[in-house]
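S.K.: This is the content of work-v5.txt (compact mmCIF, C-alpha atoms):
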# COMPACT_ATOMS: atom_id res chain seq x y z
CA MET A 1 158.89 32.00 140.05
CA THR A 2 155.37 30.63 139.65
CA ARG A 3 153.23 32.24 136.98
CA ARG A 4 149.52 32.40 137.66
CA ILE A 5 147.24 31.63 134.73
CA ASP A 6 144.14 33.79 134.73
CA PRO A 7 141.15 31.42 134.45
CA ARG A 8 138.98 34.32 133.24
CA ARG A 9 141.14 35.57 130.41
CA PRO A 10 139.15 36.20 127.20
CA ALA A 11 138.52 33.23 124.95
CA LEU A 12 136.65 32.78 121.68
CA ILE A 13 134.25 29.87 121.18
CA THR A 14 134.86 28.39 117.73
CA PRO A 15 132.03 26.99 115.56
CA LEU A 16 133.15 23.52 116.65
CA GLY A 17 132.57 24.44 120.28
CA ARG A 18 136.23 24.77 121.23
CA ARG A 19 137.49 27.43 123.60
CA ARG A 20 140.34 29.29 121.89
CA ILE A 21 142.54 31.77 123.78
CA VAL A 22 144.12 34.57 121.73
CA LEU A 23 147.11 35.93 123.63
CA GLY A 24 147.03 39.70 124.07
CA SER A 25 143.43 39.99 122.89
CA GLU A 26 140.63 41.43 125.00
CA ARG A 27 137.89 40.01 122.78
CA GLY A 28 135.94 36.95 123.78
CA ASP A 29 134.06 35.33 126.64
CA ARG A 30 135.55 35.55 130.15
CA GLU A 31 133.27 32.87 131.63
CA PRO A 32 135.56 29.99 132.72
CA GLY A 33 132.70 27.50 132.75
CA ARG A 34 132.32 27.63 128.98
CA LEU A 35 134.65 24.90 127.86
CA ALA A 36 134.79 22.86 124.71
CA GLY A 37 132.11 20.45 125.83
CA ASP A 38 129.65 23.29 126.38
CA GLY A 39 129.67 24.09 122.69
CA ALA A 40 128.40 20.69 121.59
CA ALA A 41 125.01 22.21 120.81
CA THR A 42 126.68 24.54 118.27
CA LEU A 43 128.04 21.70 116.17
CA PRO A 44 126.63 21.87 112.64
CA GLN A 45 124.22 19.30 111.31
CA ARG A 46 125.79 17.11 108.66
CA LEU A 47 122.71 17.14 106.37
CA SER A 48 121.93 20.58 104.99
CA ALA A 49 119.45 19.44 102.31
CA PRO A 50 116.94 16.61 101.82
CA ALA A 51 118.70 13.26 101.65
CA ARG A 52 118.84 11.36 98.37
CA GLY A 53 119.88 8.06 99.90
CA CYS A 54 120.92 6.52 103.19
CA LEU A 55 123.30 4.30 105.08
CA LEU A 56 121.87 1.93 107.67
CA VAL A 57 123.17 1.06 111.13
CA ILE A 58 121.64 -1.76 113.17
CA ALA A 59 122.62 -2.03 116.83
CA HIS A 60 120.94 -3.50 119.89
CA THR A 61 120.74 -1.21 122.90
CA ASP A 62 121.41 -1.87 126.55
CA ARG A 63 118.26 -0.60 128.25
CA GLY A 64 118.07 2.18 125.69
CA SER A 65 121.78 3.04 125.89
CA LEU A 66 124.32 2.52 123.14
CA ASP A 67 127.55 0.89 124.24
CA GLU A 68 130.94 1.94 122.92
CA HIS A 69 130.95 -0.69 120.17
CA ALA A 70 127.61 0.57 118.84
CA ARG A 71 128.77 4.20 119.10
CA GLU A 72 131.89 3.42 117.10
CA THR A 73 129.81 1.68 114.44
CA ILE A 74 127.57 4.74 114.14
CA ALA A 75 130.60 7.02 113.88
CA ALA A 76 132.05 4.86 111.09
CA THR A 77 128.74 5.05 109.24
CA VAL A 78 128.65 8.84 109.53
CA LEU A 79 132.18 9.08 108.15
CA LEU A 80 131.29 6.73 105.29
CA ALA A 81 128.10 8.59 104.34
CA ARG A 82 128.05 11.02 101.45
CA PRO A 83 126.93 14.62 102.04
CA ASP A 84 123.47 13.86 100.62
CA GLU A 85 122.98 10.53 102.44
CA ALA A 86 121.11 10.16 105.71
CA VAL A 87 122.31 7.90 108.51
CA VAL A 88 119.46 5.69 109.75
CA LEU A 89 119.68 3.67 112.96
CA ILE A 90 117.46 0.65 113.63
CA ALA A 91 117.70 0.07 117.37
CA PRO A 92 115.96 -2.90 119.01
CA VAL A 93 114.97 -1.74 122.51
CA GLY A 94 113.42 -3.56 125.43
CA PRO A 95 110.06 -2.76 127.03
CA GLY A 96 109.94 0.60 128.78
CA PHE A 97 113.18 1.92 127.29
CA SER A 98 113.97 4.45 124.59
CA VAL A 99 117.10 5.52 122.74
CA GLY A 100 118.41 8.77 124.18
CA ASP A 101 119.61 11.92 122.44
CA GLU A 102 123.13 10.48 122.23
CA ALA A 103 122.28 8.94 118.86
CA ALA A 104 121.59 12.33 117.29
CA ALA A 105 124.76 13.73 118.85
CA LEU A 106 126.68 10.91 117.18
CA GLY A 107 125.31 11.91 113.76
CA VAL A 108 122.17 9.78 113.36
CA ASP A 109 119.53 11.47 111.22
CA ARG A 110 116.67 9.06 111.90
CA ILE A 111 116.24 6.68 114.83
CA GLU A 112 113.90 3.78 114.17
CA GLN A 113 113.07 2.12 117.48
CA LEU A 114 112.11 -1.53 117.25
CA PRO A 115 110.32 -2.88 120.37
CA VAL A 116 111.58 -6.33 121.37
CA ASP A 117 111.47 -8.50 124.45
CA ASP A 118 113.03 -11.72 125.69
CA GLY A 119 110.53 -13.72 123.66
CA THR A 120 111.39 -12.12 120.32
CA SER A 121 112.93 -14.80 118.13
CA PRO A 122 115.81 -14.09 115.72
CA GLU A 123 113.52 -15.05 112.82
CA ALA A 124 110.86 -12.52 113.85
CA LEU A 125 113.46 -9.78 114.28
CA LEU A 126 114.92 -10.59 110.88
CA GLU A 127 111.55 -10.20 109.15
CA VAL A 128 111.12 -6.64 110.44
CA VAL A 129 114.69 -5.65 109.63
CA ARG A 130 114.43 -7.22 106.20
CA ALA A 131 111.28 -5.22 105.44
CA ARG A 132 112.93 -1.98 106.55
CA TRP A 133 116.08 -2.76 104.56
CA THR A 134 113.97 -3.28 101.44
CA ALA A 135 112.10 -0.01 102.01
CA LEU A 136 115.22 2.04 102.74
CA SER A 137 117.51 0.43 100.12
CA PRO A 138 120.69 1.61 101.89
CA ARG A 139 123.98 1.86 100.02
CA HIS A 140 125.75 0.16 102.93
CA THR A 141 124.59 -1.54 106.12
CA LEU A 142 126.82 -1.64 109.20
CA LEU A 143 126.51 -3.62 112.44
CA PRO A 144 128.81 -4.27 115.40
CA ASP A 145 130.50 -7.64 115.06
CA ARG A 146 129.25 -9.10 118.34
CA GLY A 147 126.47 -11.30 119.68
CA ALA A 148 122.95 -10.66 118.46
CA ASP A 149 124.02 -7.91 116.04
CA ALA A 150 126.50 -10.14 114.22
CA ASP A 151 123.93 -12.95 114.05
CA LEU A 152 121.32 -10.58 112.63
CA GLY A 153 123.77 -9.22 110.08
CA ARG A 154 124.67 -12.67 108.80
CA ARG A 155 121.02 -13.67 108.57
CA LEU A 156 120.23 -10.49 106.63
CA ALA A 157 123.12 -11.11 104.25
CA VAL A 158 121.86 -14.63 103.52
CA VAL A 159 118.21 -13.76 102.87
CA GLN A 160 119.05 -10.67 100.79
CA GLY A 161 122.03 -12.17 98.98
CA LEU A 162 124.39 -9.45 100.19
CA VAL A 163 128.17 -9.56 100.18
CA LEU A 164 129.34 -9.46 103.81
CA ALA A 165 132.71 -8.62 105.34
CA GLY A 166 133.73 -9.04 108.95
CA PRO A 167 135.27 -8.44 111.31
CA VAL A 168 136.22 -5.18 109.58
CA VAL A 169 139.08 -3.35 111.30
CA GLU A 170 139.67 -0.56 108.78
CA ILE A 171 137.51 1.18 106.17
CA HIS A 172 138.76 3.01 103.08
CA ALA A 173 136.88 4.71 100.26
CA ASP A 174 136.68 1.57 98.14
CA GLN A 175 137.98 -1.30 100.27
CA VAL A 176 138.08 -2.67 103.80
CA ARG A 177 140.63 -4.46 105.91
CA ILE A 178 139.32 -7.64 107.51
CA ARG A 179 140.79 -9.31 110.55
CA HIS A 180 141.85 -12.70 109.23
CA LEU A 181 141.79 -15.14 112.14
CA GLY A 182 142.78 -18.20 110.16
CA ARG A 183 145.50 -18.74 107.60
CA CYS A 184 146.24 -16.19 104.94
CA THR A 185 145.67 -17.01 101.29
CA GLY A 186 149.42 -16.95 100.70
CA GLY A 187 149.68 -20.67 101.40
CA PRO A 188 149.06 -23.37 103.98
CA ASP A 189 152.05 -22.24 106.03
CA SER A 190 151.16 -18.53 106.02
CA ALA A 191 150.83 -16.78 109.35
CA PRO A 192 147.53 -15.26 110.49
CA GLY A 193 147.01 -11.68 109.33
CA ASP A 194 144.59 -9.24 107.73
CA ALA A 195 142.97 -9.39 104.31
CA LEU A 196 141.82 -6.63 101.97
CA ALA A 197 138.46 -6.78 100.19
CA PRO A 198 136.31 -4.42 98.11
CA LEU A 199 133.88 -2.32 100.12
CA PRO A 200 130.84 -4.63 100.52
CA ALA A 201 127.15 -3.93 101.00
CA LEU A 202 127.14 -5.23 104.58
CA LEU A 203 129.90 -4.70 107.13
CA LEU A 204 130.39 -6.23 110.57
CA LEU A 205 132.70 -3.88 112.43
CA ALA A 206 135.29 -4.79 115.05
CA ARG A 207 136.10 -2.50 117.95
CA GLN A 208 137.88 0.84 117.55
CA VAL A 209 137.29 1.23 113.83
CA ALA A 210 136.28 4.87 114.27
CA ARG A 211 136.48 7.55 116.93
CA THR A 212 133.16 8.83 118.23
CA ALA A 213 134.25 12.47 118.60
CA LEU A 214 132.81 13.89 115.38
CA HIS A 215 132.37 17.54 114.44
CA CYS A 216 128.76 17.23 113.30
CA THR A 217 125.38 16.08 114.54
CA GLY A 218 122.40 14.33 113.00
CA LEU A 219 118.79 15.42 112.61
CA GLY A 220 117.68 12.99 115.32
CA GLU A 221 114.24 12.27 113.85
CA ARG A 222 112.36 9.38 115.49
CA ILE A 223 109.86 6.78 114.39
CA GLU A 224 108.49 3.74 116.21
CA LEU A 225 108.46 0.49 114.28
CA PRO A 226 105.80 -2.15 114.91
CA ALA A 227 106.83 -4.95 117.23
CA PRO A 228 107.87 -8.19 115.47
CA GLN A 229 105.16 -10.80 115.14
CA ALA A 230 105.76 -14.08 116.89
CA LEU A 231 107.44 -16.55 114.56
CA ARG A 232 108.42 -20.06 115.59
CA PRO A 233 110.43 -22.22 113.21
CA ALA A 234 108.88 -25.61 112.57
CA GLY A 235 110.21 -28.32 114.82
CA LEU A 236 111.42 -25.98 117.56
CA THR A 237 109.81 -25.39 120.95
CA ASP A 238 110.61 -22.32 123.02
CA LEU A 239 111.26 -23.43 126.60
CA GLY A 240 111.85 -19.90 127.83
CA ILE A 241 114.89 -18.32 129.42
CA VAL A 242 116.70 -19.79 132.39
CA ALA A 243 118.84 -17.39 134.38
CA GLY A 244 122.40 -18.63 134.80
CA GLN A 245 124.57 -18.25 137.86
CA ALA A 246 126.85 -15.23 137.83
CA ARG A 247 129.92 -17.26 138.79
CA GLN A 248 129.49 -19.36 135.65
CA ILE A 249 129.59 -16.33 133.35
CA ALA A 250 132.92 -15.20 131.91
CA LEU A 251 134.05 -11.84 133.25
CA GLU A 252 134.21 -10.47 129.71
CA GLU A 253 130.47 -11.13 129.32
CA ALA A 254 129.26 -10.19 132.82
CA GLU A 255 126.90 -7.25 133.17
CA PHE A 256 127.63 -6.66 136.87
CA ILE A 257 130.99 -7.29 138.51
CA VAL A 258 132.01 -7.01 142.15
CA ALA A 259 135.80 -6.77 142.47
CA ALA A 260 138.05 -7.10 145.51
CA GLY A 261 141.44 -5.57 146.19
CA ASN A 262 143.98 -5.47 148.97
CA GLY A 263 141.43 -3.78 151.24
CA VAL A 264 139.24 -6.90 151.35
CA THR A 265 140.33 -9.15 154.23
CA ASP A 266 137.11 -11.10 154.76
CA VAL A 267 136.99 -13.07 151.52
CA ALA A 268 134.11 -15.29 152.67
CA LEU A 269 131.95 -12.23 153.34
CA PHE A 270 132.87 -10.83 149.93
CA HIS A 271 131.75 -14.05 148.21
CA GLU A 272 128.46 -14.02 150.15
CA LEU A 273 127.74 -10.46 149.04
CA ALA A 274 128.58 -11.19 145.41
CA GLU A 275 126.24 -14.18 145.39
CA ALA A 276 123.46 -12.17 147.03
CA LEU A 277 123.84 -9.42 144.43
CA GLY A 278 124.03 -11.89 141.55
CA ALA A 279 127.36 -10.43 140.46
CA ALA A 280 130.41 -11.96 138.84
CA ILE A 281 133.61 -11.85 140.90
CA GLY A 282 136.77 -10.03 139.88
CA ALA A 283 139.94 -9.06 141.70
CA SER A 284 143.00 -6.85 141.49
CA ARG A 285 146.44 -8.23 140.75
CA VAL A 286 147.52 -7.79 144.39
CA ALA A 287 144.58 -9.85 145.66
CA VAL A 288 145.33 -12.57 143.11
CA ASP A 289 149.05 -12.65 143.87
CA ASP A 290 148.21 -13.07 147.56
CA GLY A 291 146.26 -16.21 146.73
CA ARG A 292 142.86 -14.87 147.79
CA PHE A 293 141.48 -15.15 144.25
CA THR A 294 142.28 -17.17 141.16
CA ARG A 295 144.22 -15.91 138.17
CA PRO A 296 141.18 -16.06 135.80
CA GLN A 297 139.47 -13.53 138.10
CA GLN A 298 142.21 -10.92 137.68
CA ILE A 299 141.10 -7.73 135.96
CA GLY A 300 143.57 -5.36 134.35
CA ALA A 301 146.13 -5.00 131.58
CA THR A 302 147.79 -8.26 132.69
CA GLY A 303 144.44 -9.92 133.34
CA LYS A 304 141.06 -9.49 131.69
CA THR A 305 139.49 -6.43 130.11
CA VAL A 306 135.82 -6.15 131.06
CA GLN A 307 132.94 -4.02 129.80
CA ALA A 308 130.29 -4.53 132.45
CA ARG A 309 127.34 -2.21 132.83
CA GLY A 310 128.07 -2.00 136.57
CA TYR A 311 131.44 -2.38 138.32
CA LEU A 312 131.67 -2.22 142.12
CA SER A 313 135.14 -2.31 143.65
CA PHE A 314 136.01 -2.92 147.29
CA GLY A 315 139.43 -1.90 148.56
CA ILE A 316 141.05 -1.37 145.15
CA SER A 317 143.33 1.65 144.96
CA GLY A 318 143.28 1.71 141.18
CA ALA A 319 146.69 1.02 139.68
CA VAL A 320 147.11 2.03 136.05
CA GLN A 321 147.04 -1.56 134.81
CA HIS A 322 143.78 -2.22 136.68
CA LEU A 323 142.12 0.94 135.34
CA GLN A 324 143.04 -0.18 131.83
CA GLY A 325 141.02 -3.32 132.40
CA ILE A 326 137.84 -1.42 133.33
CA ARG A 327 138.08 1.47 130.89
CA GLU A 328 135.00 0.27 128.98
CA CYS A 329 132.78 -0.29 132.04
CA ARG A 330 129.75 1.98 131.92
CA HIS A 331 129.16 2.68 135.62
CA VAL A 332 131.99 2.35 138.15
CA MET A 333 131.43 2.49 141.92
CA ALA A 334 134.22 2.38 144.49
CA VAL A 335 134.50 1.62 148.20
CA ASN A 336 137.81 2.76 149.67
CA THR A 337 139.21 4.34 152.83
CA ASP A 338 141.46 6.60 150.72
CA ALA A 339 139.46 9.43 149.17
CA ALA A 340 142.42 10.34 146.94
CA ALA A 341 142.89 6.90 145.37
CA PRO A 342 142.97 6.76 141.54
CA MET A 343 139.93 4.46 141.59
CA VAL A 344 137.97 7.23 143.30
CA ARG A 345 138.70 9.58 140.41
CA ARG A 346 137.51 6.93 137.94
CA ALA A 347 134.32 6.11 139.84
CA GLU A 348 130.98 7.85 139.41
CA LEU A 349 130.03 7.02 143.00
CA THR A 350 132.46 6.59 145.90
CA VAL A 351 131.88 5.49 149.48
CA VAL A 352 134.78 6.30 151.81
CA GLU A 353 134.37 3.46 154.29
CA ASP A 354 135.98 0.25 155.46
CA ALA A 355 135.20 -2.50 152.95
CA GLN A 356 134.29 -5.12 155.57
CA ALA A 357 131.88 -2.83 157.42
CA LEU A 358 130.07 -1.78 154.25
CA MET A 359 129.88 -5.34 152.90
CA ARG A 360 128.21 -6.53 156.12
CA SER A 361 125.72 -3.66 155.95
CA MET A 362 124.96 -4.28 152.27
CA LEU A 363 124.51 -8.00 152.81
CA GLU A 364 122.03 -7.41 155.63
CA GLN A 365 120.10 -4.94 153.49
CA VAL A 366 119.94 -7.28 150.48
CA ARG A 367 118.76 -10.19 152.61
CA ALA A 368 116.15 -8.01 154.35
CA GLU A 369 114.72 -6.88 151.00
CA ARG A 370 114.65 -10.47 149.77
CA ARG A 371 112.74 -11.61 152.86
CA ALA A 372 110.28 -8.74 152.40
CA LYS A 373 109.61 -9.77 148.79
CA GLU A 374 109.13 -13.40 149.76
CA ALA A 375 106.59 -12.35 152.39
CA LEU A 376 104.41 -10.61 149.83
CA PRO A 377 101.23 -12.53 148.88
Please go through the file and, once you have read it, give me the structure as structure tokens.

M.R.:
Amino acid sequence: MTRRIDPRRPALITPLGRRRIVLGSERGDREPGRLAGDGAATLPQRLSAPARGCLLVIAHTDRGSLDEHARETIAATVLLARPDEAVVLIAPVGPGFSVGDEAAALGVDRIEQLPVDDGTSPEALLEVVRARWTALSPRHTLLPDRGADADLGRRLAVVQGLVLAGPVVEIHADQVRIRHLGRCTGGPDSAPGDALAPLPALLLLARQVARTALHCTGLGERIELPAPQALRPAGLTDLGIVAGQARQIALEEAEFIVAAGNGVTDVALFHELAEALGAAIGASRVAVDDGRFTRPQQIGATGKTVQARGYLSFGISGAVQHLQGIRECRHVMAVNTDAAAPMVRRAELTVVEDAQALMRSMLEQVRAERRAKEALP
């Protein structure tokens, strides 16, 4: 016998926004659309009184968006903050972009946007951050341990004489666990492992230190910081930025990836499209095992884990091990003839079409737009 579950049975919405069903009760909301996510606006604000201090987060944005590493760093800061301490985020943003409301939802009380561009030097950025750090006097400062954020954190620690720890993989009330990539202090023959250290003033956080699903929000106040003044170290000449070729960029660092699966039979056409789009090339395990692509191009649990801003797949059904490799990609698009493929459920945008036919159409469109731009005076 199959028992039907009434989707409209009464449910109470808890203060945390969760939908709770009380069996046998007729009290509550019968609207099925009100699920846990709909109650996010009812989450309480963490600060209920004026702050007496603060913790500082510094994280670069990707066109105004915070990636998962930055979100986890913010969440760790919120968990570390005392009830009377504000969480302040300094977010360098590019021209024309702004940090969205996601920061407040993560628990940030004040967002300080710092306008930067490709010409902003690390020294100029450091001067602004150093001035804000001095003004705020935070109890702790946290940054993601990656790229420009890690470089900025180390520079700040040097000029301010701060004790720094990183990469931090675990935070306790009075100490941190640091990923020790070299030899342990137990002796020259000790195996690599982790090290414990007192909770420092400045922390560089590794991935997955904290979960971003918190039960509180921040005030979300905003201020705009002045753009950094141009600073050029003596003896150095800025020759500008030269765009590299996508095929020379490691898949782990690529912002846009075009991936091929078993549904791609015209490999030459696929390579032409990837080059025209300026995308790095990835592949499923099946396509690699068939010899159509190299092993370093394999994406998945047995290949490489990528975190591209855009991921476009052609003819990939979406095996579990492949989906594990793209779980941190921000925007996933899929082209497949099977509308029920697992990749389709993962994708934000799906085109149910033959991969070869769509690749030819896309390549013609890209080339036509390029010719039109070249024809402009």

S.K.: Quote the spacing between CA of Gln175 in chain A and CA of Leu196 in chain A in Å to one decimal place.

M.R.: 6.8 Å

S.K.: For Gly96 in chain A, which of A:Leu205, A:Leu152, A:Leu114, A:Ala70 is the closest residue, counting only C-alpha atoms?

M.R.: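 Closest candidate: A:Leu114.
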
S.K.: Is there a way to get, as a PDB file with C-alpha atoms, in the coordinates of the input, all residues within 7 Å of the point (113.1, 3.1, 114.3) in file coordinates, counting all atoms listed in the file?

M.R.:
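The result, stored in part.pdb:
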ATOM      1  CA  LEU A  89     119.680   3.670 112.960  1.00  0.00           C
ATOM      2  CA  ILE A  90     117.460   0.650 113.630  1.00  0.00           C
ATOM      3  CA  ALA A  91     117.700   0.070 117.370  1.00  0.00           C
ATOM      4  CA  ILE A 111     116.240   6.680 114.830  1.00  0.00           C
ATOM      5  CA  GLU A 112     113.900   3.780 114.170  1.00  0.00           C
ATOM      6  CA  GLN A 113     113.070   2.120 117.480  1.00  0.00           C
ATOM      7  CA  LEU A 114     112.110  -1.530 117.250  1.00  0.00           C
ATOM      8  CA  ARG A 222     112.360   9.380 115.490  1.00  0.00           C
ATOM      9  CA  ILE A 223     109.860   6.780 114.390  1.00  0.00           C
ATOM     10  CA  GLU A 224     108.490   3.740 116.210  1.00  0.00           C
ATOM     11  CA  LEU A 225     108.460   0.490 114.280  1.00  0.00           C
TER      12      LEU A 225
END

S.K.: Would you work out the distance separating CA of Phe256 in chain A from CA of Thr305 in chain A, expressed in Å to one decimal?

M.R.: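 Atom-to-atom, CA of Phe256 in chain A to CA of Thr305 in chain A, that is 13.7 Å.
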
S.K.: Identify, on the basis of all atoms listed in the file, every residue whose closest approach to Ala124 in chain A does not exceed 7 Å; exclude the query and any residue fewer than 3 positions from it along the same chain; express the result as a list of chain:residue names.

M.R.: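 Neighbouring residues, sequence-local ones excluded: A:Thr120, A:Ser121, A:Glu127, A:Val128, A:Pro228, A:Gln229, A:Ala230, A:Leu231.
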
S.K.: Measuring between all atoms listed in the file, which one of A:Gly53, A:Gly291, A:Gly315, A:Pro342 shows the shortest distance to Arg139 in chain A?

M.R.: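 Smallest distance to Arg139 in chain A is found for A:Gly53.
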
S.K.: Check the smallest atom-to-atom distance from each of A:Ile178, A:Leu126, A:Met333, A:Ile58 to Val158 in chain A using only C-alpha atoms, then report the winner.

M.R.: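 Distance minimum relative to Val158 in chain A lands on A:Leu126.
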
S.K.: Give me the residues near Leu239 in chain A as a PDB file with C-alpha atoms, keeping the file's coordinate frame, where near means some atom within 12 Å (using all atoms listed in the file) and where sequence neighbours in that chain fewer than 3 positions away do not count.

M.R.:
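Generated output (around-v4.pdb):
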ATOM      1  CA  ASP A 118     113.030 -11.720 125.690  1.00  0.00           C
ATOM      2  CA  GLY A 119     110.530 -13.720 123.660  1.00  0.00           C
ATOM      3  CA  ARG A 232     108.420 -20.060 115.590  1.00  0.00           C
ATOM      4  CA  LEU A 236     111.420 -25.980 117.560  1.00  0.00           C
ATOM      5  CA  VAL A 242     116.700 -19.790 132.390  1.00  0.00           C
TER       6      VAL A 242
END

S.K.: Have a look at CA of Ala104 in chain A and CA of Glu221 in chain A and let me know their distance in Å, one decimal.

M.R.: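 Atom-to-atom, CA of Ala104 in chain A and CA of Glu221 in chain A are spaced 8.1 Å apart.
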
S.K.: Here is a test: counting only C-alpha atoms, which residue of A:Glu275, A:Asp338, A:Asp109, A:Glu328 is nearest to Leu363 in chain A?

M.R.: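 Selected residue with least distance to Leu363 in chain A: A:Glu275.
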
S.K.: Give the answer as one residue: which of A:Leu125, A:Val78, A:Ala173, A:His69 has the shortest atom-to-atom distance to Leu143 in chain A, using only C-alpha atoms?

M.R.: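 The closest residue to Leu143 in chain A is A:His69.
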